[in-house]
file my_file24.txt (compact mmCIF, C-alpha atoms)
# COMPACT_ATOMS: atom_id res chain seq x y z
CA MET A 14 0.00 0.00 0.00
CA PRO A 15 1.41 3.42 -0.87
CA ALA A 16 2.11 6.19 1.61
CA LEU A 17 -0.89 8.32 2.47
CA THR A 18 -1.12 11.50 0.38
CA PHE A 19 -4.03 13.88 0.11
CA ASP A 20 -3.85 14.42 -3.65
CA ASP A 21 -5.56 11.20 -4.69
CA PRO A 22 -9.29 11.30 -5.54
CA LEU A 23 -10.33 8.83 -2.83
CA LEU A 24 -8.86 10.85 0.03
CA ARG A 25 -10.11 14.12 -1.45
CA SER A 26 -13.60 12.66 -1.62
CA TRP A 27 -13.38 11.46 1.99
CA ALA A 28 -12.13 14.87 3.12
CA PHE A 29 -14.88 16.73 1.27
CA TYR A 30 -17.82 14.71 2.62
CA SER A 31 -16.37 14.47 6.14
CA GLY A 32 -15.88 18.23 6.25
CA LEU A 33 -19.33 18.89 4.87
CA LEU A 34 -21.04 16.63 7.43
CA MET A 35 -19.06 18.07 10.32
CA LEU A 36 -20.10 21.60 9.30
CA LYS A 37 -23.71 20.42 8.99
CA MET A 38 -23.49 19.03 12.53
CA LEU A 39 -21.99 22.30 13.83
CA GLY A 40 -24.90 24.11 12.19
CA MET A 41 -27.29 22.45 14.63
CA SER A 42 -25.89 24.59 17.47
CA ILE A 43 -26.96 27.79 15.71
CA TYR A 44 -30.34 26.31 14.86
CA THR A 45 -30.87 25.33 18.52
CA GLY A 46 -29.73 28.74 19.73
CA ALA A 47 -32.02 30.59 17.34
CA THR A 48 -34.98 28.40 18.34
CA ARG A 49 -34.23 28.99 22.04
CA MET A 50 -34.34 32.75 21.35
CA LYS A 51 -37.54 32.55 19.32
CA HIS A 52 -39.39 30.60 22.02
CA LYS A 53 -37.55 32.23 24.93
CA ALA A 54 -36.69 28.75 26.21
CA PHE A 55 -33.23 28.61 27.76
CA ALA A 56 -31.34 25.93 29.67
CA ASN A 57 -29.62 28.25 32.16
CA PRO A 58 -30.75 31.17 34.36
CA GLU A 59 -27.94 33.41 33.02
CA ASP A 60 -29.07 32.86 29.40
CA GLY A 61 -32.51 34.36 29.96
CA ALA A 62 -31.38 37.01 32.46
CA THR A 63 -31.71 40.05 30.18
CA LEU A 64 -35.11 38.81 28.92
CA LYS A 65 -36.10 38.03 32.51
CA VAL A 66 -37.19 34.47 31.70
CA LYS A 67 -36.52 31.38 33.77
CA PRO A 68 -35.09 28.19 32.25
CA ARG A 69 -37.78 26.04 30.67
CA VAL A 70 -38.08 23.05 28.36
CA ASP A 71 -39.73 23.70 24.99
CA GLU A 72 -40.70 20.92 22.60
CA ASN A 73 -39.60 22.92 19.53
CA VAL A 74 -36.13 23.16 21.01
CA GLU A 75 -36.11 19.53 22.18
CA ARG A 76 -36.90 18.26 18.68
CA ILE A 77 -33.88 20.09 17.27
CA ARG A 78 -31.74 18.82 20.13
CA ARG A 79 -32.81 15.24 19.33
CA ALA A 80 -31.85 15.79 15.68
CA HIS A 81 -28.49 17.18 16.84
CA LEU A 82 -27.90 14.22 19.15
CA ASN A 83 -28.69 11.88 16.27
CA ASP A 84 -25.98 13.63 14.24
CA ILE A 85 -23.56 13.17 17.14
CA GLU A 86 -24.42 9.47 17.27
CA ASN A 87 -23.87 9.01 13.53
CA ILE A 88 -21.59 11.61 11.92
CA PRO A 89 -18.36 11.04 13.92
CA PRO A 90 -18.73 7.25 13.30
CA PHE A 91 -19.20 8.03 9.59
CA VAL A 92 -15.97 10.08 9.54
CA VAL A 93 -13.96 7.35 11.30
CA LEU A 94 -15.45 4.35 9.50
CA SER A 95 -15.15 5.97 6.07
CA TRP A 96 -11.53 6.84 6.88
CA LEU A 97 -10.83 3.19 7.76
CA TYR A 98 -12.71 2.10 4.64
CA VAL A 99 -10.55 4.42 2.51
CA MET A 100 -7.53 2.67 4.01
CA THR A 101 -8.78 -0.64 2.60
CA ASN A 102 -8.16 0.89 -0.85
CA PRO A 103 -11.64 0.68 -2.43
CA SER A 104 -12.45 2.14 -5.85
CA ALA A 105 -12.70 5.93 -5.61
CA GLY A 106 -15.87 5.99 -7.68
CA PHE A 107 -17.75 3.47 -5.55
CA ALA A 108 -16.56 5.00 -2.28
CA THR A 109 -17.62 8.47 -3.43
CA MET A 110 -21.06 7.11 -4.28
CA LEU A 111 -21.36 5.73 -0.73
CA PHE A 112 -20.17 9.00 0.85
CA ARG A 113 -22.63 11.00 -1.27
CA ALA A 114 -25.59 8.79 -0.35
CA ALA A 115 -24.65 8.88 3.34
CA ALA A 116 -24.29 12.67 3.30
CA ALA A 117 -27.62 13.10 1.49
CA GLY A 118 -29.27 10.85 4.08
CA ARG A 119 -27.94 12.90 7.00
CA PHE A 120 -29.11 16.20 5.47
CA LEU A 121 -32.54 14.73 4.74
CA HIS A 122 -32.74 13.30 8.26
CA THR A 123 -32.48 16.77 9.80
CA LEU A 124 -34.86 18.20 7.20
CA VAL A 125 -37.68 15.74 7.95
CA TYR A 126 -36.95 15.60 11.69
CA ALA A 127 -36.41 19.19 12.71
CA VAL A 128 -37.19 21.56 9.84
CA VAL A 129 -40.37 20.17 8.24
CA PRO A 130 -41.40 17.23 10.46
CA LEU A 131 -42.87 14.52 8.22
CA PRO A 132 -44.75 11.34 9.14
CA GLN A 133 -42.74 8.15 9.39
CA PRO A 134 -41.13 6.35 7.57
CA ALA A 135 -39.53 9.52 6.13
CA ARG A 136 -37.08 9.90 9.01
CA ALA A 137 -36.47 6.14 9.27
CA ILE A 138 -35.43 5.96 5.59
CA ALA A 139 -33.18 9.01 5.91
CA PHE A 140 -31.63 7.40 8.99
CA PHE A 141 -31.05 3.91 7.63
CA VAL A 142 -29.28 4.86 4.37
CA PRO A 143 -26.21 6.41 6.06
CA TYR A 144 -26.49 3.95 8.96
CA GLY A 145 -26.32 0.95 6.60
CA ILE A 146 -23.43 2.51 4.69
CA CYS A 147 -21.53 2.99 7.96
CA TRP A 148 -22.04 -0.67 8.84
CA TYR A 149 -20.94 -1.76 5.36
CA MET A 150 -17.77 0.36 5.47
CA GLY A 151 -17.02 -0.64 9.07
CA ILE A 152 -17.37 -4.36 8.37
CA GLN A 153 -15.16 -4.05 5.29
CA ALA A 154 -12.52 -2.26 7.37
CA VAL A 155 -12.64 -4.62 10.35
CA MET A 156 -12.37 -7.66 8.04
CA HIS A 157 -9.45 -6.03 6.21
CA PHE A 158 -7.49 -5.09 9.31
CA ILE A 159 -8.13 -8.20 11.40
CA SER A 160 -4.70 -9.61 12.12
CA MET B 12 9.58 9.15 11.46
CA PRO B 13 8.53 7.26 8.35
CA ALA B 14 5.62 8.22 6.11
CA LEU B 15 2.28 6.87 7.26
CA THR B 16 1.31 3.60 5.61
CA PHE B 17 -1.45 1.24 6.59
CA ASP B 18 0.45 -1.99 6.14
CA ASP B 19 2.34 -1.93 9.41
CA PRO B 20 1.01 -3.93 12.37
CA LEU B 21 0.56 -0.91 14.65
CA LEU B 22 -1.75 0.96 12.26
CA ARG B 23 -3.62 -2.23 11.37
CA SER B 24 -4.23 -2.85 15.05
CA TRP B 25 -5.44 0.74 15.58
CA ALA B 26 -7.74 0.45 12.56
CA PHE B 27 -9.20 -2.87 13.72
CA TYR B 28 -10.06 -1.81 17.28
CA SER B 29 -11.25 1.65 16.24
CA GLY B 30 -13.56 0.13 13.64
CA LEU B 31 -14.83 -2.48 16.06
CA LEU B 32 -15.65 0.08 18.77
CA MET B 33 -17.35 2.43 16.30
CA LEU B 34 -19.57 -0.42 15.10
CA LYS B 35 -20.32 -1.35 18.71
CA MET B 36 -21.37 2.26 19.34
CA LEU B 37 -23.57 2.28 16.22
CA GLY B 38 -25.20 -0.90 17.51
CA MET B 39 -26.65 1.07 20.44
CA SER B 40 -29.04 2.84 18.04
CA ILE B 41 -30.64 -0.46 17.04
CA TYR B 42 -30.78 -1.59 20.65
CA THR B 43 -32.51 1.67 21.65
CA GLY B 44 -34.92 1.41 18.73
CA ALA B 45 -35.84 -2.20 19.52
CA THR B 46 -36.39 -1.34 23.20
CA ARG B 47 -38.58 1.64 22.24
CA MET B 48 -40.70 -0.73 20.12
CA LYS B 49 -40.92 -3.38 22.85
CA HIS B 50 -42.08 -0.88 25.48
CA LYS B 51 -43.98 1.34 23.03
CA ALA B 52 -42.02 4.31 24.35
CA PHE B 53 -41.18 6.83 21.63
CA ALA B 54 -39.63 10.28 21.66
CA ASN B 55 -41.79 11.78 18.90
CA PRO B 56 -45.53 11.80 18.12
CA GLU B 57 -44.90 10.61 14.53
CA ASP B 58 -42.96 7.54 15.77
CA GLY B 59 -45.91 6.12 17.69
CA ALA B 60 -48.56 7.28 15.21
CA THR B 61 -49.42 3.88 13.72
CA LEU B 62 -49.49 2.29 17.20
CA LYS B 63 -51.53 5.25 18.46
CA VAL B 64 -49.23 5.90 21.43
CA LYS B 65 -48.08 9.29 22.66
CA PRO B 66 -44.40 10.04 23.37
CA ARG B 67 -43.34 8.85 26.79
CA VAL B 68 -40.17 8.30 28.79
CA ASP B 69 -39.42 4.68 29.78
CA GLU B 70 -36.67 3.73 32.21
CA ASN B 71 -35.68 0.65 30.15
CA VAL B 72 -35.04 2.92 27.18
CA GLU B 73 -33.31 5.60 29.27
CA ARG B 74 -30.82 3.08 30.67
CA ILE B 75 -29.76 2.09 27.15
CA ARG B 76 -29.58 5.76 26.15
CA ARG B 77 -27.28 6.44 29.11
CA ALA B 78 -25.04 3.54 28.02
CA HIS B 79 -25.04 4.95 24.47
CA LEU B 80 -24.15 8.44 25.72
CA ASN B 81 -21.31 6.94 27.73
CA ASP B 82 -20.00 5.37 24.51
CA ILE B 83 -20.23 8.77 22.81
CA GLU B 84 -18.27 10.33 25.66
CA ASN B 85 -15.53 7.71 25.49
CA ILE B 86 -15.22 5.94 22.13
CA PRO B 87 -14.48 8.93 19.84
CA PRO B 88 -11.80 10.09 22.35
CA PHE B 89 -10.36 6.55 22.28
CA VAL B 90 -10.16 6.63 18.47
CA VAL B 91 -8.43 10.03 18.42
CA LEU B 92 -6.11 9.48 21.39
CA SER B 93 -5.03 6.03 20.22
CA TRP B 94 -4.35 7.51 16.75
CA LEU B 95 -2.14 10.19 18.32
CA TYR B 96 -0.49 7.53 20.48
CA VAL B 97 0.25 5.44 17.37
CA MET B 98 1.98 8.52 15.93
CA THR B 99 4.39 8.51 18.89
CA ASN B 100 5.67 5.19 17.49
CA PRO B 101 5.09 2.84 20.46
CA SER B 102 5.73 -0.91 20.28
CA ALA B 103 2.97 -2.58 18.26
CA GLY B 104 2.62 -5.38 20.80
CA PHE B 105 2.15 -3.11 23.81
CA ALA B 106 -0.19 -0.76 21.93
CA THR B 107 -2.31 -3.70 20.77
CA MET B 108 -2.57 -4.92 24.36
CA LEU B 109 -3.87 -1.48 25.41
CA PHE B 110 -6.37 -1.35 22.52
CA ARG B 111 -7.62 -4.86 23.36
CA ALA B 112 -8.12 -4.05 27.05
CA ALA B 113 -9.88 -0.78 26.23
CA ALA B 114 -12.17 -2.50 23.72
CA ALA B 115 -12.99 -5.29 26.18
CA GLY B 116 -13.81 -2.67 28.83
CA ARG B 117 -16.22 -0.81 26.55
CA PHE B 118 -18.06 -4.02 25.57
CA LEU B 119 -18.30 -5.09 29.22
CA HIS B 120 -19.50 -1.61 30.21
CA THR B 121 -22.56 -1.93 27.97
CA LEU B 122 -23.12 -5.52 29.08
CA VAL B 123 -23.28 -4.72 32.80
CA TYR B 124 -25.02 -1.35 32.27
CA ALA B 125 -27.73 -2.03 29.74
CA VAL B 126 -27.97 -5.76 29.00
CA VAL B 127 -27.64 -7.47 32.39
CA PRO B 128 -27.50 -4.63 34.95
CA LEU B 129 -25.10 -5.66 37.74
CA PRO B 130 -24.42 -4.05 41.12
CA GLN B 131 -21.52 -1.64 41.34
CA PRO B 132 -18.51 -1.71 41.10
CA ALA B 133 -19.00 -3.85 37.94
CA ARG B 134 -19.74 -0.87 35.73
CA ALA B 135 -17.14 1.35 37.42
CA ILE B 136 -14.39 -1.20 36.69
CA ALA B 137 -15.51 -1.65 33.08
CA PHE B 138 -15.50 2.15 32.76
CA PHE B 139 -12.15 2.90 34.34
CA VAL B 140 -10.04 0.40 32.35
CA PRO B 141 -10.58 2.09 28.94
CA TYR B 142 -10.77 5.49 30.59
CA GLY B 143 -7.35 5.07 32.22
CA ILE B 144 -5.90 3.75 28.96
CA CYS B 145 -7.20 6.82 27.13
CA TRP B 146 -5.55 9.10 29.67
CA TYR B 147 -2.28 7.16 29.42
CA MET B 148 -2.23 7.33 25.61
CA GLY B 149 -3.30 10.97 25.58
CA ILE B 150 -0.62 12.07 28.04
CA GLN B 151 2.02 10.15 26.07
CA ALA B 152 0.89 11.89 22.87
CA VAL B 153 0.63 15.39 24.35
CA MET B 154 4.11 15.04 25.90
CA HIS B 155 5.50 13.77 22.60
CA PHE B 156 4.00 16.53 20.45
CA ILE B 157 4.55 19.47 22.78
CA SER B 158 6.69 21.90 20.82
CA MET C 1 1.49 17.47 -1.73
CA PRO C 2 4.06 15.48 0.25
CA ALA C 3 3.37 12.21 1.99
CA LEU C 4 1.97 12.57 5.48
CA THR C 5 4.61 12.44 8.19
CA PHE C 6 4.29 13.39 11.82
CA ASP C 7 7.60 15.20 12.18
CA ASP C 8 6.54 18.48 10.59
CA PRO C 9 5.50 21.37 12.87
CA LEU C 10 1.97 21.62 11.46
CA LEU C 11 1.04 18.03 12.23
CA ARG C 12 2.75 18.16 15.62
CA SER C 13 0.74 21.24 16.47
CA TRP C 14 -2.50 19.56 15.36
CA ALA C 15 -1.66 16.45 17.39
CA PHE C 16 -0.84 18.46 20.51
CA TYR C 17 -4.02 20.57 20.59
CA SER C 18 -6.26 17.67 19.54
CA GLY C 19 -4.85 15.49 22.30
CA LEU C 20 -5.14 18.27 24.86
CA LEU C 21 -8.80 18.97 24.03
CA MET C 22 -9.71 15.30 24.03
CA LEU C 23 -8.19 14.90 27.51
CA LYS C 24 -10.05 18.02 28.64
CA MET C 25 -13.29 16.46 27.39
CA LEU C 26 -12.52 13.17 29.18
CA GLY C 27 -11.96 15.18 32.35
CA MET C 28 -15.64 16.13 32.37
CA SER C 29 -16.54 12.52 33.30
CA ILE C 30 -14.54 12.75 36.51
CA TYR C 31 -15.98 16.17 37.29
CA THR C 32 -19.53 14.86 36.79
CA GLY C 33 -18.80 11.78 38.91
CA ALA C 34 -17.33 13.83 41.77
CA THR C 35 -20.30 16.22 41.70
CA ARG C 36 -22.73 13.29 41.73
CA MET C 37 -20.95 11.98 44.84
CA LYS C 38 -20.91 15.37 46.57
CA HIS C 39 -24.63 15.93 46.04
CA LYS C 40 -25.57 12.24 46.30
CA ALA C 41 -27.37 12.58 42.96
CA PHE C 42 -27.04 9.46 40.82
CA ALA C 43 -28.59 8.37 37.54
CA ASN C 44 -29.00 4.67 38.43
CA PRO C 45 -30.33 2.75 41.45
CA GLU C 46 -27.15 0.63 41.64
CA ASP C 47 -24.94 3.76 41.85
CA GLY C 48 -26.53 4.98 45.08
CA ALA C 49 -27.11 1.52 46.57
CA THR C 50 -24.38 1.64 49.24
CA LEU C 51 -25.41 5.20 50.22
CA LYS C 52 -29.06 4.13 50.16
CA VAL C 53 -30.14 6.99 47.89
CA LYS C 54 -32.54 6.79 44.98
CA PRO C 55 -31.71 8.25 41.56
CA ARG C 56 -32.43 11.96 41.40
CA VAL C 57 -31.72 14.93 39.13
CA ASP C 58 -29.55 17.68 40.64
CA GLU C 59 -29.02 21.03 38.95
CA ASN C 60 -25.32 21.17 39.93
CA VAL C 61 -24.78 17.88 38.09
CA GLU C 62 -26.96 18.91 35.13
CA ARG C 63 -24.92 22.08 34.57
CA ILE C 64 -21.72 20.04 34.30
CA ARG C 65 -23.45 17.56 32.00
CA ARG C 66 -24.53 20.43 29.73
CA ALA C 67 -20.93 21.68 29.61
CA HIS C 68 -19.80 18.11 28.80
CA LEU C 69 -22.40 17.78 26.03
CA ASN C 70 -21.22 21.09 24.60
CA ASP C 71 -17.70 19.65 24.45
CA ILE C 72 -19.05 16.58 22.66
CA GLU C 73 -20.81 18.83 20.14
CA ASN C 74 -17.68 20.87 19.46
CA ILE C 75 -14.42 19.08 20.25
CA PRO C 76 -14.69 16.04 17.90
CA PRO C 77 -15.63 18.45 15.05
CA PHE C 78 -12.60 20.57 15.95
CA VAL C 79 -10.32 17.50 15.73
CA VAL C 80 -11.72 16.43 12.36
CA LEU C 81 -11.98 19.90 10.78
CA SER C 82 -8.51 20.94 11.94
CA TRP C 83 -7.14 17.67 10.53
CA LEU C 84 -8.77 18.42 7.16
CA TYR C 85 -7.49 22.00 7.37
CA VAL C 86 -3.95 20.72 7.99
CA MET C 87 -4.32 18.68 4.79
CA THR C 88 -4.89 21.92 2.84
CA ASN C 89 -1.28 22.79 3.73
CA PRO C 90 -1.73 26.11 5.58
CA SER C 91 1.14 27.94 7.25
CA ALA C 92 2.11 26.17 10.46
CA GLY C 93 2.30 29.45 12.38
CA PHE C 94 -1.17 30.64 11.44
CA ALA C 95 -2.73 27.20 11.97
CA THR C 96 -1.14 26.94 15.41
CA MET C 97 -2.53 30.34 16.32
CA LEU C 98 -6.03 29.12 15.38
CA PHE C 99 -5.62 25.87 17.33
CA ARG C 100 -4.40 27.78 20.38
CA ALA C 101 -7.31 30.23 20.31
CA ALA C 102 -9.83 27.41 19.83
CA ALA C 103 -8.34 25.41 22.70
CA ALA C 104 -8.30 28.45 24.99
CA GLY C 105 -11.95 29.09 24.12
CA ARG C 106 -13.01 25.54 25.01
CA PHE C 107 -11.20 25.63 28.37
CA LEU C 108 -12.73 29.03 29.19
CA HIS C 109 -16.16 27.78 28.12
CA THR C 110 -16.10 25.07 30.79
CA LEU C 111 -14.65 27.47 33.35
CA VAL C 112 -17.42 30.06 33.00
CA TYR C 113 -20.17 27.46 32.44
CA ALA C 114 -19.53 24.80 35.04
CA VAL C 115 -16.76 25.87 37.43
CA VAL C 116 -17.44 29.55 38.17
CA PRO C 117 -20.74 30.34 36.38
CA LEU C 118 -20.54 33.90 35.03
CA PRO C 119 -23.26 36.12 33.53
CA GLN C 120 -23.58 36.16 29.76
CA PRO C 121 -21.95 37.02 27.37
CA ALA C 122 -18.94 35.29 29.02
CA ARG C 123 -19.99 31.83 27.87
CA ALA C 124 -21.19 33.04 24.47
CA ILE C 125 -17.79 34.59 23.73
CA ALA C 126 -15.92 31.48 24.90
CA PHE C 127 -18.24 29.42 22.68
CA PHE C 128 -18.05 31.48 19.51
CA VAL C 129 -14.24 31.76 19.26
CA PRO C 130 -13.62 28.01 18.72
CA TYR C 131 -16.94 27.68 16.89
CA GLY C 132 -15.97 30.37 14.36
CA ILE C 133 -12.52 28.84 13.95
CA CYS C 134 -14.10 25.45 13.22
CA TRP C 135 -16.30 27.00 10.53
CA TYR C 136 -13.32 28.82 9.03
CA MET C 137 -11.18 25.67 8.89
CA GLY C 138 -14.07 23.56 7.64
CA ILE C 139 -14.96 25.94 4.82
CA GLN C 140 -11.30 26.15 3.79
CA ALA C 141 -11.12 22.35 3.70
CA VAL C 142 -14.40 21.80 1.86
CA MET C 143 -13.43 24.41 -0.76
CA HIS C 144 -10.00 22.80 -1.12
CA PHE C 145 -11.26 19.24 -1.52
CA ILE C 146 -14.31 19.93 -3.68
CA SER C 147 -13.71 17.91 -6.84
call {"tool": "encode", "arguments": {"input": "my_file24.txt", "output": "structure tokens"}}
result
Amino acid sequence: MPALTFDDPLLRSWAFYSGLLMLKMLGMSIYTGATRMKHKAFANPEDGATLKVKPRVDENVERIRRAHLNDIENIPPFVVLSWLYVMTNPSAGFATMLFRAAAAGRFLHTLVYAVVPLPQPARAIAFFVPYGICWYMGIQAVMHFIS
Amino acid sequence: MPALTFDDPLLRSWAFYSGLLMLKMLGMSIYTGATRMKHKAFANPEDGATLKVKPRVDENVERIRRAHLNDIENIPPFVVLSWLYVMTNPSAGFATMLFRAAAAGRFLHTLVYAVVPLPQPARAIAFFVPYGICWYMGIQAVMHFIS
Amino acid sequence: MPALTFDDPLLRSWAFYSGLLMLKMLGMSIYTGATRMKHKAFANPEDGATLKVKPRVDENVERIRRAHLNDIENIPPFVVLSWLYVMTNPSAGFATMLFRAAAAGRFLHTLVYAVVPLPQPARAIAFFVPYGICWYMGIQAVMHFIS
């Protein structure tokens, strides 16, 4: 296996989709913050001090927080497992197709969970596409690197 | 230090245990989902719509969610800190022993927390083995890379 | 782009600050555990069994858990996005300045959130410095690796 360089298409593809999904996950903090402001629903006394509101739980905020937590449960594993998968030297074209489908799934998941809540199975489908891809890549990697 | 290649035993070992633990962490989502179904305890109105149940909190589900959160707090740090530790060029045999003990601890942690709950200190021991290993590897790395 | 080696100043700097922040995040577990002990506020029946206390929610513990969750939302993205940023081959001096400011922000965030709670905007400022740096590095990386 050659030394790792970041000019080959496979690593560039991994870097692009990993960066994109990490930024998407970071975006949830702003979305939560804006929704807390809109509904005046804060987690700490000091956050609502100037508005003179006490901490309270608001379902609009909680829904976004659940979407954020779901990102946390799935996006860092995607970044690690796709990195390990890249190290098994798959075809760049096929790997990129997987990364693209997984990324699309994660964006759609937030859309149907926290932006425009849709009836199930919309969220389940958006969840299971990247989830299945993570399992596929992880199993490939674990099988490849087993001693 | 040589260029990074994924054919040496140290990196293969890191890749194997990191992949395994990430898959283990992903498995918690399925376990939570199955337990939500079994107890008809969902987080969102749309999830229980076909069963005509309202969202509710169930302690069986919450216990698994706490085990999952504990994975989230510990497994990504393990992956990063062991990667940094690998970059300090330790012996492959010793590093593999650490990875194996940490992985065993994380699997046992979930077992005694969320599968067959045991009295303390079962969970504390399962927690502190990988936790201590993470601190050891992290301190080694930080000392090595301090400028 | 040259092969990846861990003896250049840029990668050493990335490794140092990533390791430091991951250890800082791990430290939150101990802080939560100690605060649970102090206030006899545990999440599980087995944890308070020897002290004969039932699980209960305590605001002192919850504040630390919120600070910990904020680390989880921000520190793994920092590690990944700064890694991708390093791969775009920035100047080591400028990158190190960013890493240092982001790390300082995350330590201060915990200090003013969970150690010595201060009125806003103390926490907001400590939050937005590393958050903005993550966005900057992530956008640089995504633009660099777009095919």
call {"tool": "interface_residues", "arguments": {"input": "my_file24.txt", "of": "chain A", "to": "chain B", "cutoff": "9 Å", "atoms": "all atoms listed in the file", "output": "VMD selection string"}}
result
chain A and resid 14 to 18 76 79 85 to 87 89 to 91 93 to 94 97 100 to 101 130 to 134 144 147 to 148 151 to 152 154 to 160
call {"tool": "write_last_selection", "arguments": {"input": "my_file24.txt", "atoms": "C-alpha atoms", "output": "short mmCIF file (atom, residue, chain, number, x, y, z; two decimals), in the coordinates of the input"}}
result
data_model
loop_
_atom_site.label_atom_id
_atom_site.label_comp_id
_atom_site.auth_asym_id
_atom_site.auth_seq_id
_atom_site.Cartn_x
_atom_site.Cartn_y
_atom_site.Cartn_z
CA MET A 14 0.00 0.00 0.00
CA PRO A 15 1.41 3.42 -0.87
CA ALA A 16 2.11 6.19 1.61
CA LEU A 17 -0.89 8.32 2.47
CA THR A 18 -1.12 11.50 0.38
CA ARG A 76 -36.90 18.26 18.68
CA ARG A 79 -32.81 15.24 19.33
CA ILE A 85 -23.56 13.17 17.14
CA GLU A 86 -24.42 9.47 17.27
CA ASN A 87 -23.87 9.01 13.53
CA PRO A 89 -18.36 11.04 13.92
CA PRO A 90 -18.73 7.25 13.30
CA PHE A 91 -19.20 8.03 9.59
CA VAL A 93 -13.96 7.35 11.30
CA LEU A 94 -15.45 4.35 9.50
CA LEU A 97 -10.83 3.19 7.76
CA MET A 100 -7.53 2.67 4.01
CA THR A 101 -8.78 -0.64 2.60
CA PRO A 130 -41.40 17.23 10.46
CA LEU A 131 -42.87 14.52 8.22
CA PRO A 132 -44.75 11.34 9.14
CA GLN A 133 -42.74 8.15 9.39
CA PRO A 134 -41.13 6.35 7.57
CA TYR A 144 -26.49 3.95 8.96
CA CYS A 147 -21.53 2.99 7.96
CA TRP A 148 -22.04 -0.67 8.84
CA GLY A 151 -17.02 -0.64 9.07
CA ILE A 152 -17.37 -4.36 8.37
CA ALA A 154 -12.52 -2.26 7.37
CA VAL A 155 -12.64 -4.62 10.35
CA MET A 156 -12.37 -7.66 8.04
CA HIS A 157 -9.45 -6.03 6.21
CA PHE A 158 -7.49 -5.09 9.31
CA ILE A 159 -8.13 -8.20 11.40
CA SER A 160 -4.70 -9.61 12.12
#
call {"tool": "atom_distance", "arguments": {"input": "my_file24.txt", "atom1": "CA of Ala137 (chain B)", "atom2": "CA of Arg111 (chain B)"}}
result
12.9 Å
call {"tool": "closest_residue", "arguments": {"input": "my_file24.txt", "among": "A:Asn83, A:Gln153, A:Pro143, A:Tyr126", "to": "Phe112 (chain A)", "atoms": "only C-alpha atoms"}}
result
A:Pro143
call {"tool": "atom_distance", "arguments": {"input": "my_file24.txt", "atom1": "CA of Phe107 (chain C)", "atom2": "CA of Ala122 (chain C)"}}
result
12.4 Å
call {"tool": "closest_residue", "arguments": {"input": "my_file24.txt", "among": "A:Ile138, A:Ile43, A:Val129, A:Leu64", "to": "Arg78 (chain A)", "atoms": "all atoms listed in the file"}}
result
A:Ile43
call {"tool": "closest_residue", "arguments": {"input": "my_file24.txt", "among": "B:Asp69, B:Leu109, B:Lys35, B:Ile144", "to": "Lys51 (chain B)", "atoms": "all atoms listed in the file"}}
result
B:Asp69
call {"tool": "decode", "arguments": {"input": "my_file24.txt", "residues": "region 59-70 of chain B", "atoms": "N, CA and C atoms", "output": "PDB file, in the first residue's frame"}}
result
ATOM      1  N   GLY B  59     -44.898   7.017  17.119  1.00  0.00           N
ATOM      2  CA  GLY B  59     -45.912   6.124  17.687  1.00  0.00           C
ATOM      3  C   GLY B  59     -47.269   6.282  17.005  1.00  0.00           C
ATOM      4  N   ALA B  60     -47.280   6.957  15.855  1.00  0.00           N
ATOM      5  CA  ALA B  60     -48.565   7.285  15.215  1.00  0.00           C
ATOM      6  C   ALA B  60     -49.354   6.042  14.806  1.00  0.00           C
ATOM      7  N   THR B  61     -48.682   5.061  14.179  1.00  0.00           N
ATOM      8  CA  THR B  61     -49.418   3.875  13.721  1.00  0.00           C
ATOM      9  C   THR B  61     -49.857   3.000  14.894  1.00  0.00           C
ATOM     10  N   LEU B  62     -49.106   3.056  16.005  1.00  0.00           N
ATOM     11  CA  LEU B  62     -49.492   2.293  17.201  1.00  0.00           C
ATOM     12  C   LEU B  62     -50.422   3.103  18.098  1.00  0.00           C
ATOM     13  N   LYS B  63     -50.673   4.331  17.690  1.00  0.00           N
ATOM     14  CA  LYS B  63     -51.529   5.248  18.463  1.00  0.00           C
ATOM     15  C   LYS B  63     -51.073   5.418  19.909  1.00  0.00           C
ATOM     16  N   VAL B  64     -49.751   5.610  20.084  1.00  0.00           N
ATOM     17  CA  VAL B  64     -49.229   5.905  21.426  1.00  0.00           C
ATOM     18  C   VAL B  64     -48.544   7.271  21.408  1.00  0.00           C
ATOM     19  N   LYS B  65     -48.723   7.979  22.517  1.00  0.00           N
ATOM     20  CA  LYS B  65     -48.076   9.286  22.657  1.00  0.00           C
ATOM     21  C   LYS B  65     -46.635   9.109  23.121  1.00  0.00           C
ATOM     22  N   PRO B  66     -45.784  10.119  22.877  1.00  0.00           N
ATOM     23  CA  PRO B  66     -44.402  10.043  23.369  1.00  0.00           C
ATOM     24  C   PRO B  66     -44.393   9.845  24.881  1.00  0.00           C
ATOM     25  N   ARG B  67     -43.503   8.987  25.346  1.00  0.00           N
ATOM     26  CA  ARG B  67     -43.344   8.850  26.793  1.00  0.00           C
ATOM     27  C   ARG B  67     -41.931   8.381  27.108  1.00  0.00           C
ATOM     28  N   VAL B  68     -41.505   8.683  28.342  1.00  0.00           N
ATOM     29  CA  VAL B  68     -40.173   8.296  28.795  1.00  0.00           C
ATOM     30  C   VAL B  68     -40.288   6.955  29.501  1.00  0.00           C
ATOM     31  N   ASP B  69     -39.406   6.013  29.169  1.00  0.00           N
ATOM     32  CA  ASP B  69     -39.423   4.684  29.781  1.00  0.00           C
ATOM     33  C   ASP B  69     -38.032   4.386  30.322  1.00  0.00           C
ATOM     34  N   GLU B  70     -37.965   3.918  31.558  1.00  0.00           N
ATOM     35  CA  GLU B  70     -36.669   3.733  32.209  1.00  0.00           C
ATOM     36  C   GLU B  70     -35.816   2.682  31.494  1.00  0.00           C
TER      37      GLU B  70
END
